[in-house]
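Trainee: Take a look at model_39.cif, mmCIF, C-alpha atoms:
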data_my_file
loop_
_atom_site.label_atom_id
_atom_site.label_comp_id
_atom_site.auth_asym_id
_atom_site.auth_seq_id
_atom_site.Cartn_x
_atom_site.Cartn_y
_atom_site.Cartn_z
CA MET A 1 -34.67 17.12 -18.13
CA ILE A 2 -33.23 20.21 -19.73
CA ALA A 3 -34.63 22.28 -16.87
CA LEU A 4 -33.21 20.02 -14.19
CA ALA A 5 -29.87 19.89 -15.94
CA GLY A 6 -29.79 23.67 -16.19
CA LEU A 7 -30.72 24.05 -12.53
CA LEU A 8 -28.01 21.62 -11.53
CA VAL A 9 -25.43 23.38 -13.68
CA GLY A 10 -26.39 26.70 -12.13
CA ILE A 11 -26.18 25.42 -8.55
CA ILE A 12 -22.85 23.76 -9.18
CA ALA A 13 -21.53 26.87 -10.87
CA GLY A 14 -22.69 28.94 -7.92
CA LEU A 15 -21.04 26.63 -5.44
CA VAL A 16 -17.80 26.50 -7.40
CA LEU A 17 -17.51 30.13 -8.42
CA GLU A 18 -19.08 31.61 -5.26
CA PRO A 19 -20.13 34.75 -7.07
CA ALA A 20 -19.91 37.89 -4.98
CA VAL A 21 -23.17 39.77 -5.14
CA PRO A 22 -22.60 43.53 -5.34
CA ALA A 23 -23.93 45.36 -2.32
CA TRP A 24 -26.37 47.48 -4.32
CA LEU A 25 -27.87 44.32 -5.79
CA GLN A 26 -28.34 42.44 -2.56
CA PRO A 27 -31.76 43.80 -1.58
CA TYR A 28 -33.08 42.71 -4.99
CA LEU A 29 -31.67 39.21 -4.97
CA PRO A 30 -34.39 37.52 -2.90
CA ILE A 31 -37.05 39.32 -4.92
CA ALA A 32 -35.47 38.18 -8.16
CA ILE A 33 -35.33 34.61 -6.92
CA VAL A 34 -38.97 34.57 -5.91
CA ALA A 35 -39.97 36.15 -9.22
CA ALA A 36 -38.00 33.56 -11.15
CA LEU A 37 -39.55 30.81 -9.06
CA ASP A 38 -42.96 32.15 -9.94
CA ALA A 39 -42.08 31.98 -13.64
CA VAL A 40 -40.78 28.44 -13.26
CA VAL A 41 -43.85 27.21 -11.41
CA GLY A 42 -46.08 28.91 -13.97
CA ALA A 43 -44.13 27.24 -16.75
CA THR A 44 -44.52 23.86 -15.09
CA ARG A 45 -48.25 24.36 -14.90
CA ALA A 46 -48.37 25.38 -18.54
CA LEU A 47 -46.33 22.33 -19.41
CA LEU A 48 -48.80 20.05 -17.70
CA ASP A 49 -51.64 21.92 -19.33
CA GLY A 50 -49.92 21.27 -22.62
CA VAL A 51 -49.58 24.93 -23.45
CA PHE A 52 -45.95 25.50 -22.66
CA ARG A 53 -44.18 27.87 -25.02
CA ASP A 54 -40.51 28.40 -24.46
CA ARG A 55 -40.69 31.94 -25.84
CA VAL A 56 -43.36 32.84 -23.33
CA PHE A 57 -41.40 31.24 -20.54
CA VAL A 58 -38.23 33.12 -21.33
CA ILE A 59 -39.99 36.45 -21.60
CA SER A 60 -42.10 35.91 -18.48
CA PHE A 61 -39.03 34.82 -16.53
CA LEU A 62 -37.06 37.90 -17.47
CA SER A 63 -39.95 40.33 -17.14
CA ASN A 64 -41.01 38.88 -13.79
CA VAL A 65 -37.56 39.41 -12.40
CA PHE A 66 -37.28 42.83 -13.97
CA VAL A 67 -40.67 44.09 -12.82
CA ALA A 68 -40.20 42.78 -9.30
CA ALA A 69 -36.80 44.43 -9.07
CA VAL A 70 -38.13 47.71 -10.47
CA ILE A 71 -41.00 47.76 -7.98
CA VAL A 72 -38.64 47.25 -5.08
CA TRP A 73 -36.24 49.80 -6.50
CA ILE A 74 -39.01 52.39 -6.71
CA GLY A 75 -39.97 51.48 -3.19
CA ASP A 76 -36.41 52.08 -2.09
CA LEU A 77 -36.47 55.47 -3.77
CA LEU A 78 -39.67 56.33 -1.92
CA GLY A 79 -38.35 55.03 1.36
CA VAL A 80 -40.77 52.10 1.55
CA GLY A 81 -38.44 49.50 0.07
CA ALA A 82 -38.95 47.01 2.86
CA GLN A 83 -42.73 47.18 2.61
CA MET A 84 -42.57 47.03 -1.17
CA SER A 85 -40.40 43.93 -1.22
CA THR A 86 -42.72 42.34 1.33
CA GLY A 87 -45.64 43.10 -0.95
CA VAL A 88 -43.89 41.68 -3.99
CA VAL A 89 -42.95 38.54 -2.13
CA VAL A 90 -46.51 38.10 -0.85
CA VAL A 91 -48.04 38.52 -4.30
CA LEU A 92 -45.57 36.25 -6.02
CA THR A 93 -45.88 33.64 -3.31
CA MET A 94 -49.64 33.63 -3.71
CA ARG A 95 -49.20 33.06 -7.44
CA ILE A 96 -46.73 30.29 -6.78
CA PHE A 97 -49.21 28.64 -4.46
CA SER A 98 -52.11 28.82 -6.89
CA ASN A 99 -49.97 27.46 -9.72
CA ALA A 100 -48.64 24.76 -7.46
CA ALA A 101 -52.23 23.81 -6.65
CA ALA A 102 -52.95 23.41 -10.37
CA ILE A 103 -49.82 21.30 -10.80
CA ARG A 104 -50.84 19.19 -7.86
CA ARG A 105 -54.22 18.51 -9.43
CA HIS A 106 -52.53 17.49 -12.63
CA LEU A 107 -50.07 15.14 -11.07
CA LEU A 108 -52.03 13.74 -8.17
CA LYS A 109 -55.58 14.25 -9.50
CA ALA A 110 -56.42 15.73 -6.13
CA MET B 1 -59.09 30.25 -0.66
CA ALA B 2 -58.95 27.07 -2.69
CA ASP B 3 -61.82 28.28 -4.82
CA ARG B 4 -60.07 31.49 -5.55
CA GLU B 5 -57.00 29.62 -6.56
CA GLU B 6 -58.99 27.61 -9.00
CA GLN B 7 -60.63 30.65 -10.49
CA ALA B 8 -57.41 32.56 -10.75
CA PRO B 9 -56.55 33.38 -14.32
CA ALA B 10 -54.22 30.98 -15.96
CA PRO B 11 -50.63 32.16 -15.86
CA ASP B 12 -49.43 34.15 -18.78
CA GLU B 13 -47.51 31.18 -20.09
CA ALA B 14 -50.75 29.46 -20.74
CA VAL B 15 -52.39 32.48 -22.28
CA GLY B 16 -49.61 32.87 -24.74
CA ALA B 17 -50.27 29.57 -26.43
CA PRO B 18 -51.69 29.92 -29.91
CA GLY B 19 -54.37 27.66 -31.25
CA ALA B 20 -56.97 28.58 -28.65
CA GLY B 21 -57.93 24.96 -28.09
CA PRO B 22 -55.74 24.14 -25.11
CA VAL B 23 -56.25 27.61 -23.74
CA GLY B 24 -59.94 26.95 -23.46
CA ALA B 25 -59.21 23.72 -21.69
CA ALA B 26 -56.71 25.32 -19.37
CA ALA B 27 -59.10 28.11 -18.50
CA LEU B 28 -61.45 25.61 -16.96
CA PRO B 29 -61.22 25.33 -13.26
CA GLU B 30 -59.02 22.44 -12.39
CA GLY B 31 -60.86 19.46 -11.08
CA ALA B 32 -63.97 20.29 -13.09
CA THR B 33 -65.15 17.59 -15.41
CA PRO B 34 -64.02 18.24 -18.95
CA PRO B 35 -66.72 19.38 -21.36
CA PRO B 36 -68.63 16.52 -22.93
CA PRO B 37 -67.34 15.43 -26.31
CA ALA B 38 -70.54 16.58 -27.94
CA GLN B 39 -69.46 20.15 -27.38
CA PRO B 40 -67.43 21.65 -30.19
CA VAL B 41 -64.02 21.49 -28.62
CA PRO B 42 -61.13 22.02 -31.02
CA ALA B 43 -58.90 19.02 -31.18
CA ASP B 44 -55.53 19.37 -29.53
CA PRO B 45 -52.82 20.13 -32.00
CA PRO B 46 -50.33 17.33 -32.26
CA GLY B 47 -47.57 17.56 -29.67
CA ARG B 48 -49.58 19.93 -27.51
CA SER B 49 -51.71 17.56 -25.54
CA PRO B 50 -51.03 17.33 -21.79
CA ALA B 51 -49.62 13.87 -22.22
CA ASP B 52 -47.05 15.02 -24.69
CA TYR B 53 -45.15 17.48 -22.60
CA HIS B 54 -42.17 15.22 -22.94
CA GLU B 55 -41.77 16.73 -26.37
CA SER B 56 -41.35 20.31 -25.14
CA SER B 57 -38.03 22.08 -25.08
CA LEU B 58 -38.14 21.87 -21.31
CA TRP B 59 -37.88 18.14 -21.56
CA ARG B 60 -36.15 17.16 -24.75
CA TRP B 61 -33.31 18.86 -26.58
CA ARG B 62 -34.81 21.20 -29.13
CA GLY B 63 -31.86 23.31 -30.12
CA THR B 64 -31.69 26.98 -29.28
CA SER B 65 -34.90 27.18 -27.31
CA SER B 66 -33.73 24.39 -25.00
CA LEU B 67 -30.44 26.16 -24.64
CA VAL B 68 -32.13 29.40 -23.60
CA VAL B 69 -34.51 27.65 -21.21
CA GLY B 70 -31.70 25.64 -19.70
CA LEU B 71 -29.67 28.81 -19.38
CA LEU B 72 -32.50 30.51 -17.49
CA PHE B 73 -32.73 27.60 -15.10
CA ALA B 74 -28.99 27.79 -14.62
CA VAL B 75 -29.40 31.47 -13.82
CA LEU B 76 -32.08 30.56 -11.26
CA GLY B 77 -29.79 28.02 -9.62
CA LEU B 78 -26.99 30.55 -9.56
CA LEU B 79 -29.25 33.16 -8.02
CA PHE B 80 -30.32 30.67 -5.39
CA VAL B 81 -26.81 29.87 -4.36
CA ALA B 82 -25.69 33.47 -4.47
CA GLY B 83 -28.67 34.61 -2.45
CA ALA B 84 -28.27 31.91 0.12
CA GLN B 85 -24.58 32.61 0.48
CA ALA B 86 -25.07 36.35 0.67
CA PHE B 87 -27.61 35.82 3.40
CA ARG B 88 -25.58 33.30 5.31
CA GLY B 89 -22.12 34.68 4.76
CA GLY B 90 -22.70 38.32 5.58
CA ASP B 91 -23.89 40.16 8.58
CA VAL B 92 -27.55 41.06 8.46
CA LEU B 93 -26.51 44.68 8.46
CA ASP B 94 -24.62 44.18 5.22
CA ASN B 95 -27.83 43.49 3.34
CA ALA B 96 -30.04 46.00 5.09
CA ARG B 97 -31.39 49.05 3.37
CA PRO B 98 -30.45 52.52 4.58
CA ALA B 99 -33.95 53.03 5.94
CA ASP B 100 -33.73 49.81 7.92
CA LEU B 101 -30.28 50.73 9.12
CA VAL B 102 -31.57 54.07 10.35
CA GLN B 103 -34.32 52.30 12.24
CA ILE B 104 -31.92 49.81 13.78
CA LEU B 105 -29.59 52.63 14.75
CA ASP B 106 -32.46 54.54 16.27
CA SER B 107 -33.60 51.65 18.42
CA LEU B 108 -30.03 50.98 19.49
CA GLU B 109 -29.62 54.58 20.53
CA GLN B 110 -32.80 54.44 22.57
CA GLU B 111 -31.57 51.27 24.24
CA ASN B 112 -28.27 52.97 24.85
CA ASP B 113 -29.96 55.96 26.50
CA ARG B 114 -32.01 53.70 28.68
CA LEU B 115 -28.96 51.74 29.77
CA ARG B 116 -27.01 54.92 30.46
CA GLN B 117 -29.76 56.17 32.72
CA GLU B 118 -29.80 52.87 34.53
CA GLN B 119 -26.04 53.09 34.90
CA LEU B 120 -26.33 56.55 36.45
CA ARG B 121 -28.99 55.36 38.85
CA LEU B 122 -26.94 52.35 39.90
CA GLN B 123 -23.81 54.42 40.33
CA ALA B 124 -25.70 56.83 42.59
CA GLU B 125 -26.93 53.88 44.60
CA LEU B 126 -23.42 52.52 44.84
CA GLY B 127 -22.18 55.89 46.03
CA VAL B 128 -24.77 55.96 48.80
CA LEU B 129 -23.92 52.45 49.86
CA THR B 130 -20.16 53.00 50.01
CA SER B 131 -20.22 56.55 51.36
CA GLY B 132 -18.44 57.38 54.62
CA THR B 133 -21.38 57.21 56.99
CA SER B 134 -22.50 53.75 56.02
CA GLU B 135 -18.91 52.48 56.02
CA GLN B 136 -18.56 53.73 59.56
CA ALA B 137 -21.87 52.16 60.42
CA LEU B 138 -20.64 48.88 59.00
CA ALA B 139 -17.42 49.04 61.00
CA ALA B 140 -19.37 49.86 64.15
CA ALA B 141 -21.68 46.95 63.52
CA GLU B 142 -18.70 44.64 63.08
CA ARG B 143 -17.14 45.81 66.35
CA ARG B 144 -20.46 45.29 68.06
CA LEU B 145 -20.69 41.83 66.56
CA GLU B 146 -17.23 40.93 67.90
CA ALA B 147 -18.11 42.17 71.39
CA LEU B 148 -21.34 40.23 71.36
CA GLU B 149 -19.60 37.09 70.16
CA VAL B 150 -17.21 37.30 73.12
CA LEU B 151 -20.03 37.97 75.55
CA ALA B 152 -22.29 35.28 74.21
CA GLY B 153 -19.48 32.75 74.06
CA THR B 154 -20.20 31.64 70.53
CA GLU B 155 -16.60 32.09 69.35
CA PRO B 156 -13.29 30.88 70.79
CA VAL B 157 -11.34 33.77 72.31
CA ARG B 158 -7.69 34.44 73.02
CA GLY B 159 -5.94 36.92 75.24
CA PRO B 160 -3.95 37.42 78.45
CA GLY B 161 -5.38 35.99 81.63
CA ILE B 162 -4.98 33.43 84.38
CA ARG B 163 -5.28 29.70 84.60
CA MET B 164 -6.37 28.06 87.86
CA VAL B 165 -6.47 24.40 88.72
CA ILE B 166 -8.52 23.36 91.74
CA ARG B 167 -7.90 19.79 92.87
CA ASP B 168 -10.51 18.43 95.21
CA PRO B 169 -9.85 14.68 95.67
CA GLN B 170 -11.98 14.48 98.82
CA GLY B 171 -14.96 16.19 97.28
CA VAL B 172 -15.19 18.96 99.85
CA LEU B 173 -16.06 21.70 97.35
CA GLY B 174 -19.51 22.43 96.02
CA ALA B 175 -21.21 24.54 93.44
CA ASN B 176 -21.02 27.56 95.72
CA ASP B 177 -17.25 27.56 95.67
CA LEU B 178 -17.06 27.54 91.88
CA LEU B 179 -19.79 30.17 91.70
CA ASP B 180 -17.84 32.33 94.12
CA ALA B 181 -14.76 31.97 91.95
CA VAL B 182 -16.71 33.03 88.86
CA GLN B 183 -18.24 35.99 90.65
CA GLU B 184 -14.84 37.06 91.90
CA LEU B 185 -13.39 36.78 88.41
CA ARG B 186 -16.20 38.88 86.97
CA ASP B 187 -15.75 41.41 89.71
CA ALA B 188 -12.09 41.64 88.73
CA GLY B 189 -13.02 42.34 85.12
CA ALA B 190 -12.67 38.94 83.48
CA GLU B 191 -14.04 39.18 79.97
CA SER B 192 -14.33 35.50 79.20
CA ILE B 193 -14.39 32.54 81.57
CA GLU B 194 -14.21 28.81 81.10
CA VAL B 195 -14.78 26.40 83.97
CA ALA B 196 -14.02 22.70 83.48
CA GLN B 197 -14.29 22.95 79.69
CA GLN B 198 -17.55 24.83 79.99
CA ARG B 199 -17.79 28.36 78.70
CA VAL B 200 -19.36 30.57 81.33
CA VAL B 201 -21.92 32.81 79.72
CA VAL B 202 -24.98 34.71 80.76
CA ASP B 203 -27.18 31.65 81.25
CA THR B 204 -24.59 29.31 82.78
CA TRP B 205 -25.65 27.86 86.11
CA PHE B 206 -23.94 25.89 88.86
CA SER B 207 -25.57 23.32 91.05
CA ASP B 208 -24.64 20.56 93.43
CA PRO B 209 -25.01 17.09 91.96
CA PRO B 210 -27.74 14.67 93.06
CA GLU B 211 -27.25 12.72 96.26
CA GLY B 212 -24.46 10.15 96.10
CA GLU B 213 -22.42 11.77 93.37
CA SER B 214 -19.43 14.01 93.74
CA GLY B 215 -18.57 16.99 91.61
CA VAL B 216 -20.50 19.97 90.36
CA LEU B 217 -23.28 20.31 87.80
CA ILE B 218 -22.41 23.08 85.37
CA SER B 219 -25.35 23.94 83.13
CA GLY B 220 -26.59 20.40 83.59
CA GLU B 221 -23.28 18.62 82.99
CA LEU B 222 -21.52 16.84 85.82
CA ARG B 223 -17.86 17.81 86.24
CA GLY B 224 -15.47 16.44 88.78
CA SER B 225 -12.08 17.37 90.19
CA PRO B 226 -9.77 18.76 89.03
CA TYR B 227 -11.56 21.91 87.94
CA THR B 228 -9.59 24.00 85.46
CA VAL B 229 -10.69 27.62 85.37
CA LEU B 230 -9.55 29.89 82.57
CA ALA B 231 -10.23 33.61 82.63
CA ILE B 232 -9.22 36.28 80.14
CA GLY B 233 -8.62 39.72 81.52
CA ASP B 234 -5.79 41.64 83.13
CA PRO B 235 -3.67 38.84 84.64
CA GLN B 236 -2.40 40.99 87.49
CA THR B 237 -5.85 42.15 88.58
CA LEU B 238 -7.35 38.69 88.25
CA ALA B 239 -4.57 37.02 90.21
CA THR B 240 -4.77 39.61 92.96
CA ALA B 241 -8.52 39.17 93.21
CA MET B 242 -8.14 35.43 93.54
CA GLU B 243 -5.49 35.56 96.19
CA ILE B 244 -6.68 38.31 98.47
CA PRO B 245 -6.98 37.12 102.08
CA GLY B 246 -10.35 35.52 102.60
CA GLY B 247 -10.78 35.23 98.85
CA VAL B 248 -11.27 32.26 96.58
CA ALA B 249 -7.82 30.78 97.02
CA ASP B 250 -8.05 31.09 100.79
CA SER B 251 -11.45 29.49 101.14
CA VAL B 252 -10.56 26.62 98.76
CA ARG B 253 -7.41 25.83 100.69
CA THR B 254 -9.21 26.18 103.99
CA ALA B 255 -11.81 23.68 102.87
CA GLY B 256 -9.05 21.19 102.16
CA ALA B 257 -8.54 21.36 98.42
CA GLN B 258 -5.51 22.39 96.41
CA PHE B 259 -5.36 25.63 94.50
CA GLU B 260 -2.92 26.54 91.70
CA LEU B 261 -2.80 29.74 89.78
CA ASP B 262 -0.54 30.99 87.03
CA ARG B 263 -0.68 34.06 84.86
CA ARG B 264 -0.55 33.77 81.11
CA ASP B 265 0.30 36.34 78.50
CA GLU B 266 -1.73 34.39 76.03
CA LEU B 267 -4.57 32.10 76.83
CA ASP B 268 -7.03 30.31 74.57
CA ILE B 269 -10.58 29.69 75.57
CA THR B 270 -11.82 27.21 73.02
CA ALA B 271 -15.09 26.12 74.56
CA THR B 272 -18.12 27.72 72.96
CA VAL B 273 -21.83 27.57 73.42
CA PRO B 274 -24.43 27.57 70.69
CA LEU B 275 -26.52 30.68 70.34
CA GLY B 276 -30.08 29.95 71.30
CA THR B 277 -33.12 31.84 70.20
CA PRO B 278 -35.08 33.34 73.05
CA ASP B 279 -38.60 32.00 73.27
CA TYR B 280 -40.14 34.70 75.43
CA ALA B 281 -37.93 37.74 75.59
CA GLU B 282 -37.76 40.06 72.64
CA PRO B 283 -36.19 43.46 72.23
CA ALA B 284 -38.67 46.08 73.37
CA GLY B 285 -36.96 49.02 71.77
CA ARG B 286 -37.90 48.15 68.21
#
What is this structure when it is put down as structure tokens?

Mentor:
Amino acid sequence: MIALAGLLVGIIAGLVLEPAVPAWLQPYLPIAIVAALDAVVGATRALLDGVFRDRVFVISFLSNVFVAAVIVWIGDLLGVGAQMSTGVVVVLTMRIFSNAAAIRRHLLKA
Amino acid sequence: MADREEQAPAPDEAVGAPGAGPVGAAALPEGATPPPPAQPVPADPPGRSPADYHESSLWRWRGTSSLVVGLLFAVLGLLFVAGAQAFRGGDVLDNARPADLVQILDSLEQENDRLRQEQLRLQAELGVLTSGTSEQALAAAERRLEALEVLAGTEPVRGPGIRMVIRDPQGVLGANDLLDAVQELRDAGAESIEVAQQRVVVDTWFSDPPEGESGVLISGELRGSPYTVLAIGDPQTLATAMEIPGGVADSVRTAGAQFELDRRDELDITATVPLGTPDYAEPAGR
């Protein structure tokens, strides 16, 4: 409930405020979103496993976003930013899928 | 792939849980039967069992931790909206990296070069097509076409000439008389001839009608008196040719028919013939 409420608040705030993303941040935005999604899906799985710890969630959320952004940033410095962000997205998406599979087994027993 | 998913290490959220009991359970591949109760499995701590996730700070208000978690989700929602709007609102180029931009620019320049070369080629072609010689050739072809249209009788023509009316109420004239008139007109330089609403062209023929009918067959069509003959050419020459002693006018009048002739500065020959395709003859010079 808290999570859904927070998500809703964030979406509404985004729609109302229409925050302008600085140009230098724009390449990292999709990466950050996917990283945060990974943390959220992982947290959901942990919740269903009964091992959810809010401290772990907060730290993993922030560090996921940070590490993903740093990897892409380094890639940009090396001139392989596009490939690097593709790699990050692929890896994170795979994690999201595996966690989603675990959640599915919990909820649907299948 | 599914197997690998199942054997993938539990996410770090799960690993971070103290108490070891649920971690052991979570480390099992999902879908596997839980260990039999006989095994020494630590009991779940209260509030940590899978069924009790309603108690977590994700679900129920638990003070600061719920605030922080909720805040993070709000950040996620904000990021979503901002990302979606940045992607939708701006040009793709706005979000592209310098390296990508260089690549795009490069491909555009290559495309530009290719198009410029094509432009040069097409301009050269255009120059050839519109250059003097071919323009002259085109004009010559058009003049030739006009001459052939007049000769073939496919187009109505207009010009100075003469108009003759031959009235033959008694039916004393035959195909020969009309043919003579046409031959005389051609001899005098008539460029276009119409006899009784029939354009006279290269394959026009005259014949006497079958027994019992009066008139003349012109290219298969029966025409009777009066015969109107139109000829375009120099009116003076044509009229003189018609009226020389012993000529067309003389012989028509001698035979007992009436002959009228007047010169016209402008005369319209409106009868045309369709252009047929030759079945046998073909140009040999090709």

Trainee: From the list A:Arg55, A:Leu77, A:Phe66, A:Leu48, which residue is nearest Leu108 in chain A when using only C-alpha atoms?

Mentor: A:Leu48

Trainee: As an MDAnalysis selection string, could you give me every residue of chain A near chain B (at most 7 Å apart, counting only C-alpha atoms)?

Mentor: chainID A and resid 1:3 6:11 13:15 18:19 21 26:27 29:30 33 36 42:43 46:54 56:58 79 98 102 105

Trainee: So which residues touch range 183-187 of chain B within 10 Å, counting all atoms listed in the file, skipping near sequence neighbours fewer than 6 positions away, as JSON, numbers by chain?

Mentor: {"B": [162, 177, 193, 230, 231, 232, 233, 237, 238, 239, 241, 242, 247, 248]}

Trainee: Pick out the residues sitting within 12 Å of Val90 in chain A, and hand them over as a PyMOL selection string; count all atoms listed in the file, and ignore anything fewer than 6 positions along from it in its own chain.

Mentor: chain A and resi 31+34-35+38+68+83-84+96-97

Trainee: So the first atom is CA of Gln236 in chain B and the second is CA of Ala175 in chain B; what is the distance between them in Å, to one decimal place?

Mentor: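 Distance between the two atoms: 25.7 Å.
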
Trainee: In Å, rounded to a single decimal, give me how far CA of Arg121 in chain B is from CA of Ser134 in chain B.

Mentor: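 Between CA of Ser134 in chain B and CA of Arg121 in chain B the gap works out to 18.4 Å.
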
Trainee: What would the selection look like, as a PyMOL selection string, if the PyMOL selection byres ((chain B and resi 216) around 12) were run on the coordinates I just shared?

Mentor: chain B and resi 168+171-179+195-196+198+205-211+213-215+217-227

Trainee: Would you write out those residues with C-alpha atoms, as a PDB file, keeping the file's coordinate frame?

Mentor:
ATOM      1  CA  ASP B 168     -10.510  18.430  95.210  1.00  0.00           C
ATOM      2  CA  GLY B 171     -14.960  16.190  97.280  1.00  0.00           C
ATOM      3  CA  VAL B 172     -15.190  18.960  99.850  1.00  0.00           C
ATOM      4  CA  LEU B 173     -16.060  21.700  97.350  1.00  0.00           C
ATOM      5  CA  GLY B 174     -19.510  22.430  96.020  1.00  0.00           C
ATOM      6  CA  ALA B 175     -21.210  24.540  93.440  1.00  0.00           C
ATOM      7  CA  ASN B 176     -21.020  27.560  95.720  1.00  0.00           C
ATOM      8  CA  ASP B 177     -17.250  27.560  95.670  1.00  0.00           C
ATOM      9  CA  LEU B 178     -17.060  27.540  91.880  1.00  0.00           C
ATOM     10  CA  LEU B 179     -19.790  30.170  91.700  1.00  0.00           C
ATOM     11  CA  VAL B 195     -14.780  26.400  83.970  1.00  0.00           C
ATOM     12  CA  ALA B 196     -14.020  22.700  83.480  1.00  0.00           C
ATOM     13  CA  GLN B 198     -17.550  24.830  79.990  1.00  0.00           C
ATOM     14  CA  TRP B 205     -25.650  27.860  86.110  1.00  0.00           C
ATOM     15  CA  PHE B 206     -23.940  25.890  88.860  1.00  0.00           C
ATOM     16  CA  SER B 207     -25.570  23.320  91.050  1.00  0.00           C
ATOM     17  CA  ASP B 208     -24.640  20.560  93.430  1.00  0.00           C
ATOM     18  CA  PRO B 209     -25.010  17.090  91.960  1.00  0.00           C
ATOM     19  CA  PRO B 210     -27.740  14.670  93.060  1.00  0.00           C
ATOM     20  CA  GLU B 211     -27.250  12.720  96.260  1.00  0.00           C
ATOM     21  CA  GLU B 213     -22.420  11.770  93.370  1.00  0.00           C
ATOM     22  CA  SER B 214     -19.430  14.010  93.740  1.00  0.00           C
ATOM     23  CA  GLY B 215     -18.570  16.990  91.610  1.00  0.00           C
ATOM     24  CA  LEU B 217     -23.280  20.310  87.800  1.00  0.00           C
ATOM     25  CA  ILE B 218     -22.410  23.080  85.370  1.00  0.00           C
ATOM     26  CA  SER B 219     -25.350  23.940  83.130  1.00  0.00           C
ATOM     27  CA  GLY B 220     -26.590  20.400  83.590  1.00  0.00           C
ATOM     28  CA  GLU B 221     -23.280  18.620  82.990  1.00  0.00           C
ATOM     29  CA  LEU B 222     -21.520  16.840  85.820  1.00  0.00           C
ATOM     30  CA  ARG B 223     -17.860  17.810  86.240  1.00  0.00           C
ATOM     31  CA  GLY B 224     -15.470  16.440  88.780  1.00  0.00           C
ATOM     32  CA  SER B 225     -12.080  17.370  90.190  1.00  0.00           C
ATOM     33  CA  PRO B 226      -9.770  18.760  89.030  1.00  0.00           C
ATOM     34  CA  TYR B 227     -11.560  21.910  87.940  1.00  0.00           C
TER      35      TYR B 227
END

Trainee: B:Thr228, B:Gly285, B:Glu191, B:Ser251: which is nearest Glu149 in chain B, counting only C-alpha atoms?

Mentor: B:Glu191

Trainee: Can you complete the atoms of range 80-94 of chain A to N, CA and C atoms and list them as a PDB file, in the coordinates of the input?

Mentor:
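File part26.pdb, as written:
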ATOM      1  N   VAL A  80     -39.915  53.196   1.051  1.00  0.00           N
ATOM      2  CA  VAL A  80     -40.770  52.100   1.550  1.00  0.00           C
ATOM      3  C   VAL A  80     -40.296  50.789   0.936  1.00  0.00           C
ATOM      4  N   GLY A  81     -38.985  50.680   0.735  1.00  0.00           N
ATOM      5  CA  GLY A  81     -38.440  49.500   0.070  1.00  0.00           C
ATOM      6  C   GLY A  81     -38.783  48.208   0.791  1.00  0.00           C
ATOM      7  N   ALA A  82     -38.693  48.242   2.114  1.00  0.00           N
ATOM      8  CA  ALA A  82     -38.950  47.010   2.860  1.00  0.00           C
ATOM      9  C   ALA A  82     -40.396  46.561   2.676  1.00  0.00           C
ATOM     10  N   GLN A  83     -41.318  47.531   2.775  1.00  0.00           N
ATOM     11  CA  GLN A  83     -42.730  47.180   2.610  1.00  0.00           C
ATOM     12  C   GLN A  83     -42.988  46.709   1.183  1.00  0.00           C
ATOM     13  N   MET A  84     -42.349  47.386   0.217  1.00  0.00           N
ATOM     14  CA  MET A  84     -42.570  47.030  -1.170  1.00  0.00           C
ATOM     15  C   MET A  84     -42.083  45.619  -1.448  1.00  0.00           C
ATOM     16  N   SER A  85     -40.900  45.286  -0.940  1.00  0.00           N
ATOM     17  CA  SER A  85     -40.400  43.930  -1.220  1.00  0.00           C
ATOM     18  C   SER A  85     -41.272  42.909  -0.514  1.00  0.00           C
ATOM     19  N   THR A  86     -41.777  43.258   0.678  1.00  0.00           N
ATOM     20  CA  THR A  86     -42.720  42.340   1.330  1.00  0.00           C
ATOM     21  C   THR A  86     -43.941  42.122   0.455  1.00  0.00           C
ATOM     22  N   GLY A  87     -44.458  43.223  -0.103  1.00  0.00           N
ATOM     23  CA  GLY A  87     -45.640  43.100  -0.950  1.00  0.00           C
ATOM     24  C   GLY A  87     -45.366  42.244  -2.163  1.00  0.00           C
ATOM     25  N   VAL A  88     -44.223  42.470  -2.808  1.00  0.00           N
ATOM     26  CA  VAL A  88     -43.890  41.680  -3.990  1.00  0.00           C
ATOM     27  C   VAL A  88     -43.780  40.211  -3.628  1.00  0.00           C
ATOM     28  N   VAL A  89     -43.115  39.942  -2.528  1.00  0.00           N
ATOM     29  CA  VAL A  89     -42.950  38.540  -2.130  1.00  0.00           C
ATOM     30  C   VAL A  89     -44.303  37.910  -1.843  1.00  0.00           C
ATOM     31  N   VAL A  90     -45.184  38.658  -1.170  1.00  0.00           N
ATOM     32  CA  VAL A  90     -46.510  38.100  -0.850  1.00  0.00           C
ATOM     33  C   VAL A  90     -47.259  37.769  -2.135  1.00  0.00           C
ATOM     34  N   VAL A  91     -47.272  38.736  -3.066  1.00  0.00           N
ATOM     35  CA  VAL A  91     -48.040  38.520  -4.300  1.00  0.00           C
ATOM     36  C   VAL A  91     -47.474  37.344  -5.076  1.00  0.00           C
ATOM     37  N   LEU A  92     -46.178  37.332  -5.242  1.00  0.00           N
ATOM     38  CA  LEU A  92     -45.570  36.250  -6.020  1.00  0.00           C
ATOM     39  C   LEU A  92     -45.769  34.907  -5.329  1.00  0.00           C
ATOM     40  N   THR A  93     -45.686  34.902  -4.016  1.00  0.00           N
ATOM     41  CA  THR A  93     -45.880  33.640  -3.310  1.00  0.00           C
ATOM     42  C   THR A  93     -47.303  33.134  -3.480  1.00  0.00           C
ATOM     43  N   MET A  94     -48.253  34.057  -3.469  1.00  0.00           N
ATOM     44  CA  MET A  94     -49.640  33.630  -3.710  1.00  0.00           C
ATOM     45  C   MET A  94     -49.779  33.003  -5.093  1.00  0.00           C
TER      46      MET A  94
END
